[in-house]
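The file model_4.csv contains CSV, C-alpha atoms:
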```
chain,number,residue,atom,x,y,z
A,1,MET,CA,94.5,86.6,111.0
A,2,LEU,CA,95.8,83.7,108.9
A,3,ALA,CA,93.8,80.4,109.0
A,4,GLU,CA,96.5,78.6,110.9
A,5,GLN,CA,96.7,81.3,113.5
A,6,ARG,CA,92.9,81.3,113.9
A,7,ARG,CA,92.8,77.5,114.4
A,8,GLU,CA,95.5,77.8,117.1
A,9,LYS,CA,93.5,80.4,118.9
A,10,ILE,CA,90.3,78.3,118.6
A,11,LEU,CA,92.2,75.4,120.2
A,12,GLU,CA,93.5,77.6,123.0
A,13,LEU,CA,89.9,78.8,123.6
A,14,ILE,CA,88.5,75.2,123.8
A,15,ARG,CA,91.3,74.1,126.1
A,16,GLU,CA,90.4,77.0,128.4
A,17,ASN,CA,86.6,76.8,128.3
A,18,GLY,CA,86.1,73.1,127.5
A,19,SER,CA,83.9,73.7,124.5
A,20,ALA,CA,82.9,76.2,121.9
A,21,ARG,CA,80.0,76.7,119.5
A,22,VAL,CA,80.3,77.4,115.8
A,23,LYS,CA,78.0,80.5,116.0
A,24,ASP,CA,80.0,82.1,118.8
A,25,LEU,CA,83.4,81.4,117.1
A,26,SER,CA,82.1,82.9,113.9
A,27,ILE,CA,81.2,86.1,115.7
A,28,LEU,CA,84.4,86.2,117.7
A,29,PHE,CA,86.8,85.7,114.7
A,30,GLY,CA,84.7,87.6,112.2
A,31,VAL,CA,84.5,84.8,109.7
A,32,SER,CA,81.6,82.7,108.3
A,33,GLU,CA,80.2,79.6,110.1
A,34,PRO,CA,81.3,77.3,107.2
A,35,THR,CA,84.8,78.6,107.7
A,36,ILE,CA,84.7,77.8,111.4
A,37,ARG,CA,83.4,74.3,110.7
A,38,GLN,CA,86.3,73.8,108.4
A,39,ASP,CA,88.6,75.0,111.1
A,40,LEU,CA,87.1,72.7,113.7
A,41,ASP,CA,87.5,69.7,111.3
A,42,LYS,CA,91.2,70.6,111.0
A,43,VAL,CA,91.6,71.0,114.7
A,44,GLU,CA,89.8,67.7,115.4
A,45,ASN,CA,92.2,65.8,113.2
A,46,ALA,CA,94.9,66.7,115.7
A,47,GLY,CA,93.1,64.5,118.2
A,48,GLU,CA,92.6,66.8,121.1
A,49,ILE,CA,88.9,67.9,120.5
A,50,ALA,CA,85.8,66.2,119.3
A,51,ARG,CA,83.0,67.6,117.2
A,52,ASP,CA,79.4,67.7,118.2
A,53,HIS,CA,76.3,69.3,116.8
A,54,GLY,CA,76.9,73.0,116.5
A,55,GLY,CA,80.5,73.0,117.9
A,56,ALA,CA,83.3,71.1,119.5
A,57,PHE,CA,84.4,70.0,123.0
A,58,LEU,CA,87.6,69.0,124.7
A,59,LYS,CA,88.2,65.3,124.9
A,60,ASN,CA,88.5,63.7,128.4
A,61,ILE,CA,87.1,66.7,130.1
A,62,GLN,CA,84.7,64.7,132.2
A,63,LEU,CA,87.5,62.5,133.5
A,64,ALA,CA,89.6,65.6,134.3
A,65,VAL,CA,86.8,67.2,136.3
A,66,SER,CA,85.9,64.1,138.2
A,67,SER,CA,89.5,63.6,139.2
A,68,LEU,CA,90.1,67.4,139.8
A,69,SER,CA,92.9,67.4,137.3
A,70,LEU,CA,93.9,70.6,135.5
A,71,GLU,CA,94.4,70.4,131.8
A,72,HIS,CA,97.5,72.6,131.4
A,73,ARG,CA,100.2,70.3,132.9
A,74,GLU,CA,103.2,71.4,130.8
A,75,ASN,CA,106.4,72.8,132.4
A,76,MET,CA,105.3,71.6,135.8
A,77,ASP,CA,108.9,71.7,137.2
A,78,LEU,CA,109.0,75.4,136.4
A,79,LYS,CA,105.6,76.0,137.9
A,80,GLN,CA,106.5,74.2,141.1
A,81,ARG,CA,109.6,76.3,141.6
A,82,ILE,CA,107.5,79.5,141.0
A,83,GLY,CA,104.9,78.3,143.5
A,84,ASN,CA,107.5,77.7,146.1
A,85,LYS,CA,109.1,81.1,145.6
A,86,ALA,CA,105.7,82.8,145.7
A,87,ALA,CA,105.0,81.2,149.1
A,88,GLU,CA,107.9,83.2,150.6
A,89,PHE,CA,105.9,86.4,150.0
A,90,VAL,CA,102.7,85.2,151.7
A,91,ARG,CA,102.4,87.0,155.0
A,92,SER,CA,100.6,85.3,157.9
A,93,GLY,CA,97.6,87.3,159.1
A,94,SER,CA,96.9,88.7,155.6
A,95,THR,CA,94.0,88.5,153.2
A,96,ILE,CA,95.0,87.3,149.7
A,97,ILE,CA,93.5,86.5,146.4
A,98,MET,CA,94.5,83.3,144.6
A,99,ASP,CA,93.7,83.1,140.9
A,100,SER,CA,93.0,79.7,139.2
A,101,GLY,CA,95.5,77.8,137.2
A,102,THR,CA,98.3,75.3,137.5
A,103,THR,CA,101.0,77.7,138.7
A,104,VAL,CA,98.9,79.2,141.5
A,105,THR,CA,97.8,75.7,142.4
A,106,GLU,CA,101.5,74.9,143.1
A,107,LEU,CA,101.5,77.9,145.5
A,108,ALA,CA,98.5,76.6,147.3
A,109,LYS,CA,100.2,73.2,147.8
A,110,VAL,CA,103.0,74.8,149.8
A,111,LEU,CA,100.9,77.2,152.0
A,112,LYS,CA,100.5,74.6,154.7
A,113,GLY,CA,102.0,76.0,157.9
A,114,LYS,CA,101.0,79.6,157.2
A,115,LYS,CA,98.8,80.9,160.0
A,116,ASP,CA,95.8,83.1,160.1
A,117,LEU,CA,95.3,83.5,156.3
A,118,ARG,CA,92.1,84.6,154.7
A,119,ILE,CA,92.1,83.4,151.1
A,120,ILE,CA,89.7,84.4,148.3
A,121,THR,CA,89.7,82.3,145.2
A,122,ASN,CA,87.7,81.4,142.1
A,123,SER,CA,89.4,78.0,141.9
A,124,LEU,CA,87.6,74.9,143.1
A,125,ASN,CA,90.7,72.8,143.4
A,126,ILE,CA,92.6,75.4,145.3
A,127,ALA,CA,89.7,75.7,147.8
A,128,LEU,CA,89.8,71.9,148.3
A,129,ILE,CA,93.6,71.9,148.7
A,130,ILE,CA,93.7,74.4,151.5
A,131,GLY,CA,90.1,74.7,152.8
A,132,ALA,CA,90.5,72.1,155.6
A,133,GLU,CA,93.9,73.5,156.8
A,134,PRO,CA,93.9,74.9,160.3
A,135,GLY,CA,94.2,78.7,160.3
A,136,MET,CA,92.9,79.0,156.7
A,137,GLU,CA,89.7,80.9,156.0
A,138,VAL,CA,88.6,80.2,152.4
A,139,HIS,CA,86.1,82.2,150.5
A,140,MET,CA,84.9,81.4,146.9
A,141,THR,CA,83.4,83.7,144.3
A,142,GLY,CA,80.3,82.8,142.5
A,143,GLY,CA,80.1,82.6,138.7
A,144,GLU,CA,80.0,80.2,135.8
A,145,PHE,CA,82.0,77.0,136.2
A,146,LYS,CA,84.8,76.5,133.7
A,147,ALA,CA,85.7,72.8,133.6
A,148,PRO,CA,89.3,72.8,132.2
A,149,THR,CA,90.6,75.2,134.8
A,150,LEU,CA,88.2,74.1,137.6
A,151,SER,CA,87.4,77.8,138.1
A,152,LEU,CA,84.5,80.2,138.3
A,153,THR,CA,84.4,83.0,135.8
A,154,GLY,CA,82.2,85.7,134.3
A,155,GLU,CA,80.6,88.9,135.6
A,156,LYS,CA,79.2,87.2,138.7
A,157,ALA,CA,82.7,86.1,139.7
A,158,ALA,CA,84.0,89.6,139.1
A,159,ALA,CA,81.2,91.2,141.1
A,160,TYR,CA,82.4,89.4,144.3
A,161,PHE,CA,85.4,91.7,144.4
A,162,SER,CA,83.4,95.0,144.1
A,163,ASN,CA,83.7,95.8,147.8
A,164,THR,CA,86.7,93.7,148.7
A,165,HIS,CA,90.2,94.9,149.8
A,166,THR,CA,93.1,92.5,150.1
A,167,GLN,CA,96.8,92.7,150.7
A,168,GLN,CA,98.1,90.5,147.9
A,169,LEU,CA,96.9,89.0,144.6
A,170,PHE,CA,98.7,86.0,143.1
A,171,LEU,CA,97.6,86.2,139.4
A,172,ALA,CA,97.9,83.8,136.5
A,173,THR,CA,98.1,84.6,132.8
A,174,ALA,CA,98.3,82.9,129.4
A,175,GLY,CA,100.7,85.4,128.1
A,176,VAL,CA,102.5,88.6,129.1
A,177,SER,CA,104.5,91.1,127.0
A,178,LEU,CA,105.2,94.8,127.1
A,179,SER,CA,103.4,95.3,123.9
A,180,SER,CA,100.1,93.5,124.7
A,181,GLY,CA,100.2,93.3,128.5
A,182,LEU,CA,98.3,90.4,130.1
A,183,THR,CA,96.4,88.2,127.6
A,184,TYR,CA,94.1,85.2,128.0
A,185,PRO,CA,92.5,82.7,125.7
A,186,GLY,CA,88.9,83.9,126.2
A,187,PHE,CA,87.0,87.0,127.2
A,188,SER,CA,85.1,85.6,130.2
A,189,ASP,CA,88.1,85.8,132.5
A,190,ILE,CA,88.9,89.4,131.7
A,191,PRO,CA,86.4,91.1,134.1
A,192,VAL,CA,87.4,88.6,136.8
A,193,LYS,CA,91.2,89.4,136.5
A,194,LYS,CA,90.5,93.1,136.3
A,195,ALA,CA,88.4,93.0,139.5
A,196,MET,CA,91.0,91.0,141.3
A,197,ILE,CA,93.7,93.5,140.4
A,198,GLU,CA,91.6,96.4,141.5
A,199,SER,CA,91.0,94.8,144.9
A,200,ALA,CA,94.7,94.1,145.8
A,201,GLU,CA,97.4,96.3,147.3
A,202,GLU,CA,100.2,94.2,145.7
A,203,VAL,CA,99.9,92.1,142.6
A,204,PHE,CA,102.2,89.1,142.0
A,205,LEU,CA,102.1,87.7,138.5
A,206,LEU,CA,103.1,84.0,138.4
A,207,ALA,CA,104.2,83.1,134.9
A,208,ASP,CA,106.8,80.7,133.7
A,209,SER,CA,109.2,81.8,131.0
A,210,THR,CA,107.3,80.1,128.2
A,211,LYS,CA,104.5,82.7,128.7
A,212,ILE,CA,106.8,85.7,128.3
A,213,ASN,CA,106.3,87.5,125.0
A,214,LYS,CA,103.4,85.1,124.2
A,215,THR,CA,100.1,86.7,123.2
A,216,ALA,CA,96.7,85.0,123.7
A,217,PHE,CA,93.4,86.1,122.1
A,218,ALA,CA,91.8,88.4,124.7
A,219,ALA,CA,93.8,91.3,126.1
A,220,LEU,CA,93.5,92.7,129.6
A,221,HIS,CA,96.6,95.0,129.3
A,222,ALA,CA,96.9,96.2,133.0
A,223,LEU,CA,100.7,95.6,133.0
A,224,ASP,CA,101.1,98.9,135.0
A,225,ARG,CA,99.3,97.3,137.9
A,226,ILE,CA,101.8,94.4,138.2
A,227,ASP,CA,104.2,94.9,141.1
A,228,TYR,CA,106.2,91.6,140.9
A,229,LEU,CA,106.7,89.0,138.2
A,230,ILE,CA,107.8,85.6,139.6
A,231,THR,CA,109.2,83.5,136.9
A,232,ASP,CA,112.0,81.0,136.2
A,233,ASN,CA,115.7,81.3,135.3
A,234,ARG,CA,115.0,80.7,131.6
A,235,ILE,CA,113.8,84.3,131.2
A,236,SER,CA,116.3,86.3,129.1
A,237,SER,CA,118.4,89.1,130.5
A,238,GLU,CA,116.8,91.4,127.9
A,239,ASP,CA,113.3,90.6,129.2
A,240,ILE,CA,114.3,91.1,132.8
A,241,GLN,CA,115.7,94.5,131.8
A,242,SER,CA,112.5,95.4,129.9
A,243,PHE,CA,110.1,94.5,132.7
A,244,THR,CA,112.4,96.2,135.3
A,245,SER,CA,112.5,99.4,133.3
A,246,PHE,CA,108.7,99.3,133.1
A,247,GLY,CA,108.6,99.2,136.9
A,248,ILE,CA,108.0,95.5,137.6
A,249,LYS,CA,110.3,93.7,140.0
A,250,VAL,CA,111.4,90.4,138.5
A,251,ILE,CA,111.9,87.5,140.9
A,252,ILE,CA,113.6,84.4,139.7
A,253,ALA,CA,112.5,81.1,141.2
```
Can you turn what I pasted into structure tokens?
Amino acid sequence: MLAEQRREKILELIRENGSARVKDLSILFGVSEPTIRQDLDKVENAGEIARDHGGAFLKNIQLAVSSLSLEHRENMDLKQRIGNKAAEFVRSGSTIIMDSGTTVTELAKVLKGKKDLRIITNSLNIALIIGAEPGMEVHMTGGEFKAPTLSLTGEKAAAYFSNTHTQQLFLATAGVSLSSGLTYPGFSDIPVKKAMIESAEEVFLLADSTKINKTAFAALHALDRIDYLITDNRISSEDIQSFTSFGIKVIIA
């Protein structure tokens, strides 16, 4: 991996987790700690992170958490359309899993009016959006709190789904491609996503077109478990054909 690519992945990881330590990054990327320190100095100069002893952290993270604001706010018009379209597939009386992230949050905002729903989520903000709605029964996983995504992650979050059966999963991703499958910035989410997928009869992947053919650092693969891809009309006809040929139904919002 080239230095610039490594720095991009480091920034993605900090955006996802809120912070990172030099020692952990050194092991993760297989380079020396001095090299990682140089990388962090370069990334800090871009203005989005700040260095501290032994690592770096995302600026303004405390403000974001206190205001329940998610970090990834780009392409919100596309995400709102995808959330609205996904709501059409939520069946009253069912048990569903809602992943964390901005696109699934847009789905949560338009679920008002649905009746007799049992919702399992690892997302704090989604639980707060729909938890007080009449007819909504909300369950949250345990796990480690991840500030930028307001979510719970890690093995404890994954263990929640070990004896769980649901009708539908609405899943987020950082990138999706036929070659790499589903990918995410860090490894802590991988067991959670895998456990969610294994618990659901139907899997809906909510991903705007900017995430198609994008590859993040940690690979889940599992593309063969995706039943539907809900995306926007900026997806190319070639990509629609590729996903369709793979057995995934593409739904345009």
Query - Nearest residue to Phe170 in chain A from the set A:Ala253, A:Ile190, A:Ala207, A:Ala219 (distances using all atoms listed in the file) - result: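 Nearest to Phe170 in chain A: A:Ala207.
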Report summary line: note - CA of Ala50 in chain A and CA of Ser19 in chain A are separated by 9.3 Å
Report summary line: Of A:Leu40, A:Ile235, A:Leu182, A:Ile120, the one nearest to Thr210 in chain A when counting all atoms listed in the file is A:Ile235
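Each of A:Arg81, A:Lys112, A:Arg234, A:Arg15 was compared to Ile61 in chain A using all atoms listed in the file, and A:Arg15 turns out to be the nearest.
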Report summary line: Asn233 in chain A proximity check over A:Leu171, A:Leu107, A:Ile82, A:Ile248, using all atoms listed in the file: winner is A:Ile82
Query - Test item: residues at most 7 Å from Ser199 in chain A, only C-alpha atoms, excluding those fewer than 3 positions along its chain, as a ChimeraX atom specification - result: /A:161,164-166,195-196
Query raised in the report: Which one of A:Leu223, A:Leu169, A:Met136, A:Val176 sits closest to Lys115 in chain A if you count all atoms listed in the file?
Result: A:Met136
Query raised in the report: Got a sec: who's within 9 Å of Gly135 in chain A, counting all atoms listed in the file, leaving out chain neighbours fewer than 4 positions off, as number ranges by chain?
Result: A: 113-118
Query raised in the report: Any idea what the distance is between CA of Glu16 in chain A and CA of Ile129 in chain A?
Result: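 Value for the CA of Glu16 in chain A-CA of Ile129 in chain A distance: 21.2 Å.
Each of A:Gly18, A:Met98, A:Ala147, A:Phe204 was checked against Ala127 in chain A using only C-alpha atoms; the smallest atom-to-atom distance is that of A:Met98.
The gap separating CA of Lys249 in chain A from CA of Thr95 in chain A is 21.6 Å, in Å to one decimal.
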Query - Residues near Val250 in chain A, cut-off 8 Å, all atoms listed in the file, skip fewer than 6 positions along chain, as a list in words - result: Tyr228, Leu229, Ile230, Thr231, Ile240, Phe243 and Thr244 of chain A
Requested in this report: Might you pull out every residue within 8 Å of Ala56 in chain A, with all atoms listed in the file counted and same-chain residues fewer than 4 positions away left off, and present them as a PyMOL selection string?
Outcome: chain A and resi 14+19-22+40+49-52
Report task. Would you list the residues near (107.9, 72.7, 131.4), meaning any protein, DNA or RNA residue with an atom at most 12 Å from that point in file coordinates, counting all atoms listed in the file, as number ranges by chain? Result -> A: 72-82, 102-103, 207-211, 232, 234
Report task. Identify, on the basis of only C-alpha atoms, every residue whose closest approach to Thr173 in chain A does not exceed 10 Å; exclude the query and any residue fewer than 4 positions from it along the same chain; express the result as a PyMOL selection string. Result -> chain A and resi 99-101+103+181-185+193+205-208+211-212+216+220
